[in-house]
Amino acid sequence: MIQIGVVLPRLFAEGATELQVQVALESGSLTALVGPSGSGKTTLLRLLAGLETPRTGRITVDEAVWFDKKEGINWLPQQRSIGYVFQDTALFPNMTVRENVTYAAPKDQFDFVNELIEGTGLEPFVDQKPGRLSGGQRQRVALARALVRRPKLLLLDEPFAALDAQSSQQLQQVLVKLHQRWQTTTLLVSHHDADVQALADRVIRLVEGHIQSDELIVNRPIDPLMQERITQIEYDENRQHWVIETTNSRLQSVIPAWGQLKVGDILQLAGITQEMSVDRGV
Amino acid sequence: MPIDWDPIWLTLRLAGITTVLLLLISVPLAGWLALSRFRLKPVVEAFISLPLVLPPSVVGFYLLLAFSPTSAFGAWLLQTVNLQLVFSFEGLVVASLIYSLPFMVHPVQAGLENLPASWREASYTLGQSPVRTLVRVLLPNCKPALLTGIVLTFAHTIGEFGLVLMIGGNLPDQTRVASIAIYDEVELLHFDTAHAYAALLLAISFAILLLVYGINKRVTV
């Protein structure tokens with residue numbers, strides 16, 4: 001669980017004078033941060049990464065306190081377990097794709113690096129410099145690089161902003177695959193509703209530095225061929241939704257019918273929107 | 001018209017040693033200036049830039065006072081490491097380091113500051129230290145700035161005159177560099193010899209600059 005409560009002085013276009021965010025992110029969740037330009041989305045990512053310092057507040061990740069103004073705690077970006085995909089990708093132009101990905105890799109993690117390169121579909125380009133890659137390929141390299149240290153929190157700043165529809169779709173597929181594989185808690189800044197609907201299980205709308213809305217997304221598009229066995233099911237009284245964990249996924253819904261599901265059921269998530277069938281006891 | 005080649009070699013030796021030492025000193029210094037938010041940074045920057053605006057005779061005068069064996073610093077150097085910086089080649093090197101410092105620091109600092117901040121931040125978020133970030137990411141991506149600093153330092157040291165005269169005087173094989181030799185020969189009305197030295201310096205300087213601009217065009221990251 002990641003608990004965020006931060007305040008930072010910032011002048012917004014409509015006159016608000018501070019960014020003030022109080023939110024909790026569940027482990028393994030993929031949360032989209034949306035809102036108009038200049039609403040503080042990127043600033044929030046930078047505060048979490050330690051690239052900017054809140055005036056007051058507290059940031060905790062599991063048991064670790066990354067920032068606490070009162071206690072004088074402020075971990076450096078290097079100390080925080082984060083992966084950050086910058087809007088401009090920030091790939092190092094003097095290094096090849098493989099060198100970019102391995103730059104921060106722990107020494108005994110070559111298999112993991114290869115798995116990441118394979119998972120992001122970068123094998124054909126591993127020996128090329130970033131300058132020769134397309135926008136989508138660059139974003140995939142940035143994503144692989146950000147995951148190489150197995151961060152607790154993955155921060156994605158507008159990864160789809162400069163991509164065409166096809167590249168965006170490819171990146172989404174990679175992102176979903178990696179998220180299902182490693183369940184890294186992810187905060188995604190995006191302007192595109194389609195990306196948000198396809199990827200996120202929760203959407204937070206930030207306006208003028210304040211949270212305007214905070215909604216769970218149910219029935220998001222899922223791989224139609226995916227079949228997964230339910231390992232846990234519970235009703236979250238506070239949030240008033242069902243939480244189902246399968247072998248690879250964590251699903252949330254406010255649909256009452258989910259209450260009929262049981263541990264051991266096989267979930268077959270058909271179609272790209274709302275159909276869901278249950279095959280019991282298989 | 002035979003010329004004494006010693007002043008030329010001495011000049012090249014002085015410029016070469018100064019450039020190598022300044023590269024070692026300036027890269028971390030420029031890195032610190034480019035990346036640091038230290039409050040007194042402007043004071044440090046002003047000190048480094050002083051040789052750009054001061055006449056060489058002013059810098060030379062104060063260095064002469066500081067290096068003199070009658071000064072506390074000069075006496076200490078002489079007693080502890082048996083080093084006399086006035087009227088010696090070592091003194092010329094130290095003076096050149098101080099006088100040419102901004103010619104190395106400024107281009108490298110500017111080169112580092114012009115790189116996208118996101119490269120540095122990306123490296124930090126990947127858990128890497130500022131030193132490793134500087135060495136692995138930032139410096140390799142500002143090769144033209146490094147090259148500019150190296151060339152400016154080398155060329156500036158070759159052309160030093162006033163400071164060399166103040167600190168080193170005119171001792172053959174020790175402090176008589178090419179610019180001093182030209183001055184000497186002109187004073188003695190040996191215009192042919194002076195012309196030979198001057199033409200050599202001109203040719204060397206032009207060749208270095210040509211080489212640098214040629215390389216700079218081909219440097220890609």
# chains A, B, ... in the order shown; residues from 1 in each chain; ligands from 1
>>> interface_residues(of="chain A", to="chain B", cutoff="10 Å", atoms="only C-alpha atoms", output="ChimeraX atom specification")
/A:46,49-51,76-95,103-105,129,131,142,145-149,151
>>> residues_around(residues="Ser49 (chain B)", least_positions_apart="4", cutoff="9 Å", atoms="only C-alpha atoms", output="list in words")
Val44, Glu45, Val53, Leu101, Pro102, Phe103 and His106 of chain B
>>> write_last_selection(atoms="C-alpha atoms", output="PDB file, in the first residue's frame")
ATOM      1  CA  VAL B  44      32.835  30.214  -6.674  1.00  0.00           C
ATOM      2  CA  GLU B  45      31.873  31.006 -10.275  1.00  0.00           C
ATOM      3  CA  VAL B  53      38.470  40.126 -16.803  1.00  0.00           C
ATOM      4  CA  LEU B 101      40.822  27.595 -15.412  1.00  0.00           C
ATOM      5  CA  PRO B 102      37.759  29.438 -16.799  1.00  0.00           C
ATOM      6  CA  PHE B 103      38.637  28.388 -20.351  1.00  0.00           C
ATOM      7  CA  HIS B 106      33.035  27.313 -18.625  1.00  0.00           C
TER       8      HIS B 106
END
>>> residues_around(residues="region 189-192 of chain A", least_positions_apart="4", cutoff="10 Å", atoms="only C-alpha atoms", output="MDAnalysis selection string")
chainID A and resid 31:37 41:42 44:45 87 155:161 196:197 203:204
>>> select_by_dssp(residues="region 85-174 of chain A", states="helix (DSSP H, G or I)", output="NGL selection string")
:A and (97-102 or 110-119 or 123-125 or 130-132 or 135-147 or 165-174)
>>> write_last_selection(atoms="C-alpha atoms", output="tab-separated table (two decimals), in the first residue's frame")
chain	number	residue	atom	x	y	z
A	97	VAL	CA	19.12	-0.28	-26.16
A	98	ARG	CA	20.69	-3.13	-24.19
A	99	GLU	CA	23.09	-0.77	-22.43
A	100	ASN	CA	20.20	1.51	-21.49
A	101	VAL	CA	18.28	-1.39	-20.00
A	102	THR	CA	21.28	-2.90	-18.20
A	110	PHE	CA	21.00	-10.93	-16.71
A	111	ASP	CA	18.15	-13.41	-17.09
A	112	PHE	CA	15.70	-10.80	-15.88
A	113	VAL	CA	17.12	-8.23	-18.30
A	114	ASN	CA	16.69	-10.68	-21.16
A	115	GLU	CA	13.15	-11.41	-19.99
A	116	LEU	CA	12.38	-7.69	-19.99
A	117	ILE	CA	13.88	-7.19	-23.44
A	118	GLU	CA	11.86	-10.12	-24.70
A	119	GLY	CA	8.72	-8.97	-22.93
A	123	GLU	CA	15.25	-8.07	-29.31
A	124	PRO	CA	15.59	-6.79	-32.90
A	125	PHE	CA	16.88	-3.42	-31.70
A	130	PRO	CA	17.93	5.34	-29.24
A	131	GLY	CA	18.27	7.92	-32.02
A	132	ARG	CA	17.46	5.23	-34.58
A	135	GLY	CA	8.70	6.80	-30.62
A	136	GLY	CA	6.94	3.59	-29.60
A	137	GLN	CA	10.17	1.62	-29.50
A	138	ARG	CA	11.80	4.32	-27.39
A	139	GLN	CA	8.92	4.17	-24.90
A	140	ARG	CA	9.27	0.40	-24.65
A	141	VAL	CA	12.99	0.77	-23.93
A	142	ALA	CA	12.20	3.36	-21.27
A	143	LEU	CA	9.63	0.99	-19.77
A	144	ALA	CA	12.06	-1.94	-19.70
A	145	ARG	CA	14.75	0.29	-18.16
A	146	ALA	CA	12.36	1.56	-15.50
A	147	LEU	CA	11.44	-2.00	-14.48
A	165	ALA	CA	-2.56	4.73	-32.72
A	166	GLN	CA	-0.69	1.56	-33.66
A	167	SER	CA	2.36	2.30	-31.52
A	168	SER	CA	0.09	3.28	-28.66
A	169	GLN	CA	-1.78	-0.02	-28.96
A	170	GLN	CA	1.47	-1.99	-28.97
A	171	LEU	CA	2.75	-0.17	-25.93
A	172	GLN	CA	-0.54	-0.76	-24.11
A	173	GLN	CA	-0.28	-4.50	-24.79
A	174	VAL	CA	3.28	-4.54	-23.48
>>> residues_around(residues="Thr19 (chain B)", least_positions_apart="3", cutoff="9 Å", atoms="only C-alpha atoms", output="list in words")
Leu14, Ala15, Gly16, Leu22, Leu23, Leu24, Leu97, Ser100, Met104, Gly149, Ile150, Val151, Thr153, Phe154 and Thr157 of chain B
>>> write_last_selection(atoms="N, CA and C atoms", output="PDB file, in the first residue's frame")
ATOM      1  N   LEU B  14      54.325  23.111 -21.672  1.00  0.00           N
ATOM      2  CA  LEU B  14      53.525  23.854 -20.694  1.00  0.00           C
ATOM      3  C   LEU B  14      52.028  23.740 -21.023  1.00  0.00           C
ATOM      4  N   ALA B  15      51.706  23.934 -22.314  1.00  0.00           N
ATOM      5  CA  ALA B  15      50.292  23.877 -22.718  1.00  0.00           C
ATOM      6  C   ALA B  15      49.730  22.462 -22.512  1.00  0.00           C
ATOM      7  N   GLY B  16      50.536  21.447 -22.846  1.00  0.00           N
ATOM      8  CA  GLY B  16      50.074  20.063 -22.702  1.00  0.00           C
ATOM      9  C   GLY B  16      49.829  19.692 -21.253  1.00  0.00           C
ATOM     10  N   LEU B  22      44.291  20.529 -16.035  1.00  0.00           N
ATOM     11  CA  LEU B  22      43.023  21.277 -15.934  1.00  0.00           C
ATOM     12  C   LEU B  22      41.823  20.410 -16.273  1.00  0.00           C
ATOM     13  N   LEU B  23      42.028  19.467 -17.181  1.00  0.00           N
ATOM     14  CA  LEU B  23      40.919  18.550 -17.514  1.00  0.00           C
ATOM     15  C   LEU B  23      40.541  17.737 -16.265  1.00  0.00           C
ATOM     16  N   LEU B  24      41.564  17.266 -15.562  1.00  0.00           N
ATOM     17  CA  LEU B  24      41.306  16.470 -14.351  1.00  0.00           C
ATOM     18  C   LEU B  24      40.643  17.307 -13.252  1.00  0.00           C
ATOM     19  N   LEU B  97      47.513  27.064 -14.669  1.00  0.00           N
ATOM     20  CA  LEU B  97      46.307  26.371 -14.193  1.00  0.00           C
ATOM     21  C   LEU B  97      45.273  27.379 -13.700  1.00  0.00           C
ATOM     22  N   SER B 100      44.119  29.748 -16.780  1.00  0.00           N
ATOM     23  CA  SER B 100      43.320  29.115 -17.848  1.00  0.00           C
ATOM     24  C   SER B 100      42.108  28.366 -17.320  1.00  0.00           C
ATOM     25  N   MET B 104      38.559  26.162 -19.382  1.00  0.00           N
ATOM     26  CA  MET B 104      38.167  24.749 -19.358  1.00  0.00           C
ATOM     27  C   MET B 104      36.812  24.578 -18.653  1.00  0.00           C
ATOM     28  N   GLY B 149      36.718  22.888 -24.474  1.00  0.00           N
ATOM     29  CA  GLY B 149      37.480  23.263 -23.279  1.00  0.00           C
ATOM     30  C   GLY B 149      38.950  22.911 -23.424  1.00  0.00           C
ATOM     31  N   ILE B 150      39.223  21.730 -23.965  1.00  0.00           N
ATOM     32  CA  ILE B 150      40.620  21.288 -24.144  1.00  0.00           C
ATOM     33  C   ILE B 150      41.351  22.226 -25.100  1.00  0.00           C
ATOM     34  N   VAL B 151      40.682  22.537 -26.197  1.00  0.00           N
ATOM     35  CA  VAL B 151      41.344  23.377 -27.211  1.00  0.00           C
ATOM     36  C   VAL B 151      41.547  24.810 -26.708  1.00  0.00           C
ATOM     37  N   THR B 153      41.836  25.834 -23.708  1.00  0.00           N
ATOM     38  CA  THR B 153      42.875  25.847 -22.673  1.00  0.00           C
ATOM     39  C   THR B 153      44.257  25.748 -23.300  1.00  0.00           C
ATOM     40  N   PHE B 154      44.388  24.810 -24.217  1.00  0.00           N
ATOM     41  CA  PHE B 154      45.690  24.611 -24.871  1.00  0.00           C
ATOM     42  C   PHE B 154      46.101  25.882 -25.623  1.00  0.00           C
ATOM     43  N   THR B 157      46.929  28.802 -23.307  1.00  0.00           N
ATOM     44  CA  THR B 157      48.223  28.648 -22.629  1.00  0.00           C
ATOM     45  C   THR B 157      49.381  28.932 -23.592  1.00  0.00           C
TER      46      THR B 157
END
>>> atom_distance(atom1="CA of Val23 (chain A)", atom2="CA of Leu153 (chain A)")
14.4 Å
>>> residues_around(residues="region 53-63 of chain A", least_positions_apart="2", cutoff="9 Å", atoms="only C-alpha atoms", output="PyMOL selection string")
chain A and resi 1-9+27+46-48+50-51+65-70+73-74+152-153
>>> write_last_selection(atoms="C-alpha atoms", output="mmCIF file, in the first residue's frame")
data_model
loop_
_atom_site.group_PDB
_atom_site.id
_atom_site.type_symbol
_atom_site.label_atom_id
_atom_site.label_comp_id
_atom_site.auth_asym_id
_atom_site.auth_seq_id
_atom_site.Cartn_x
_atom_site.Cartn_y
_atom_site.Cartn_z
ATOM 1 C CA MET A 1 0.000 0.000 0.000
ATOM 2 C CA ILE A 2 1.294 3.418 -0.939
ATOM 3 C CA GLN A 3 0.012 6.313 1.134
ATOM 4 C CA ILE A 4 0.458 9.796 -0.283
ATOM 5 C CA GLY A 5 -0.368 13.045 1.461
ATOM 6 C CA VAL A 6 1.511 15.997 0.064
ATOM 7 C CA VAL A 7 1.217 19.758 -0.231
ATOM 8 C CA LEU A 8 3.334 21.859 -2.550
ATOM 9 C CA PRO A 9 3.010 25.600 -3.273
ATOM 10 C CA SER A 27 -0.246 -2.682 -4.071
ATOM 11 C CA ARG A 46 8.024 14.080 -9.418
ATOM 12 C CA LEU A 47 7.116 14.423 -5.737
ATOM 13 C CA LEU A 48 6.772 10.664 -5.466
ATOM 14 C CA GLY A 50 11.860 12.602 -4.940
ATOM 15 C CA LEU A 51 12.710 14.945 -7.818
ATOM 16 C CA VAL A 65 8.618 6.242 5.029
ATOM 17 C CA TRP A 66 10.007 7.975 1.936
ATOM 18 C CA PHE A 67 9.054 11.459 3.035
ATOM 19 C CA ASP A 68 7.852 12.935 6.278
ATOM 20 C CA LYS A 69 8.223 16.642 6.793
ATOM 21 C CA LYS A 70 7.538 16.463 10.507
ATOM 22 C CA ILE A 73 12.676 12.303 6.433
ATOM 23 C CA ASN A 74 13.270 12.858 2.733
ATOM 24 C CA LYS A 152 7.803 -0.985 -5.894
ATOM 25 C CA LEU A 153 6.264 1.945 -7.739
#
>>> closest_residue(among="A:Ile230, A:Trp182, A:Asp201, A:Thr120", to="Leu261 (chain A)", atoms="only C-alpha atoms")
A:Ile230
>>> residues_around(residues="region 142-145 of chain B", least_positions_apart="2", cutoff="8 Å", atoms="only C-alpha atoms", output="list in words")
Pro107, Val108, Ala110, Gly111, Leu112, Leu115, Leu138, Leu139, Pro140, Leu147, Thr148, Gly149, Asn216 and Val219 of chain B
